[in-house]
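To keep things clear, I will list the structure first and then write my remarks on it.
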Amino acid sequence: MLSMPRLRILMPLMALAMLWSLPSHAQVRRCTGPDGGAIFTDRRCGDIGATDRVPHASGGQAARFYRGGCARNLQDLIYELTAAIDSGDANRLAGVYHWVGMSSSAGYAVMGQLDAIARRPLVDVVPVFPGSTNGEGDDYYPQTTVRRMPIGLRLEQTLSNGSTPSRTVLGLRQYLGCWWVHL
């Protein structure tokens, strides 16, 4: 049995543990509108006159939890970029995009491009260095001991047929101590 002093300490802690609740997070849904366009919303698709675009995640699928912060180095940026494309999540891809100073109409256009990128299978992410032609990165071999930072990332993907190559070059931008991509 527990002694009375221990019980007095343990009871408030148990009550606090029972009252503890985690904050709820809004779920962003990707829907198809009546005109066939993509709609991103936090409401149910049926509430806005649209239909579900992708099936809901099953219980066995791992959930992505907010870890806070941003990509402080290129390795973290490439990891998040790769994970977003591998999961087909345009919203997660938008989380590493540099949106500063963009109008809402330009934002909708960019979101459509990010959605298309997220739907294509990723083959490789290749750094693009200054002086390379057309984002090829063909001058990437050790020339000196000077370390150069890439100015972009080339996404090597395939179209939905799985064999036609697709290439997208994303620029890199450092802003407020974080790394971001831009088209």
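Quick note on naming: the chains in the structure tokens go A, B, ... in the order shown, residues restart at 1 in each chain, and ligands are numbered from 1 in order of appearance.
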message: List the spatial neighbours of Cys70 of chain A as an MDAnalysis selection string - criterion: any atom at most 10 Å away, only C-alpha atoms, same-chain residues fewer than 6 positions off excluded.
response: chainID A and resid 76:77 80 95:96 176:180
task: Report the distance between atom CA of Ala94 of chain A and atom CA of Gly131 of chain A in Å, rounded to one decimal place.
output: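 Computing it gives 27.8 Å between the two atoms.
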- request: Select, from A:Ala50, A:Ile117, A:Met111, A:Ala71, the residue with the minimum atom-to-atom distance to Thr168 of chain A, counting only C-alpha atoms.
  value: A:Ile117
message: For a quick check of understanding, using only C-alpha atoms, which of A:Leu155, A:Ala90, A:Ile9, A:Leu74 has the smallest distance to Leu114 of chain A?
response: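 Nearest to Leu114 of chain A: A:Ala90.
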message: Can you measure atom CA of Val123 of chain A to atom CA of Pro165 of chain A for me? One decimal in Å is fine.
response: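 Straight-line distance from atom CA of Val123 of chain A to atom CA of Pro165 of chain A works out to 9.3 Å.
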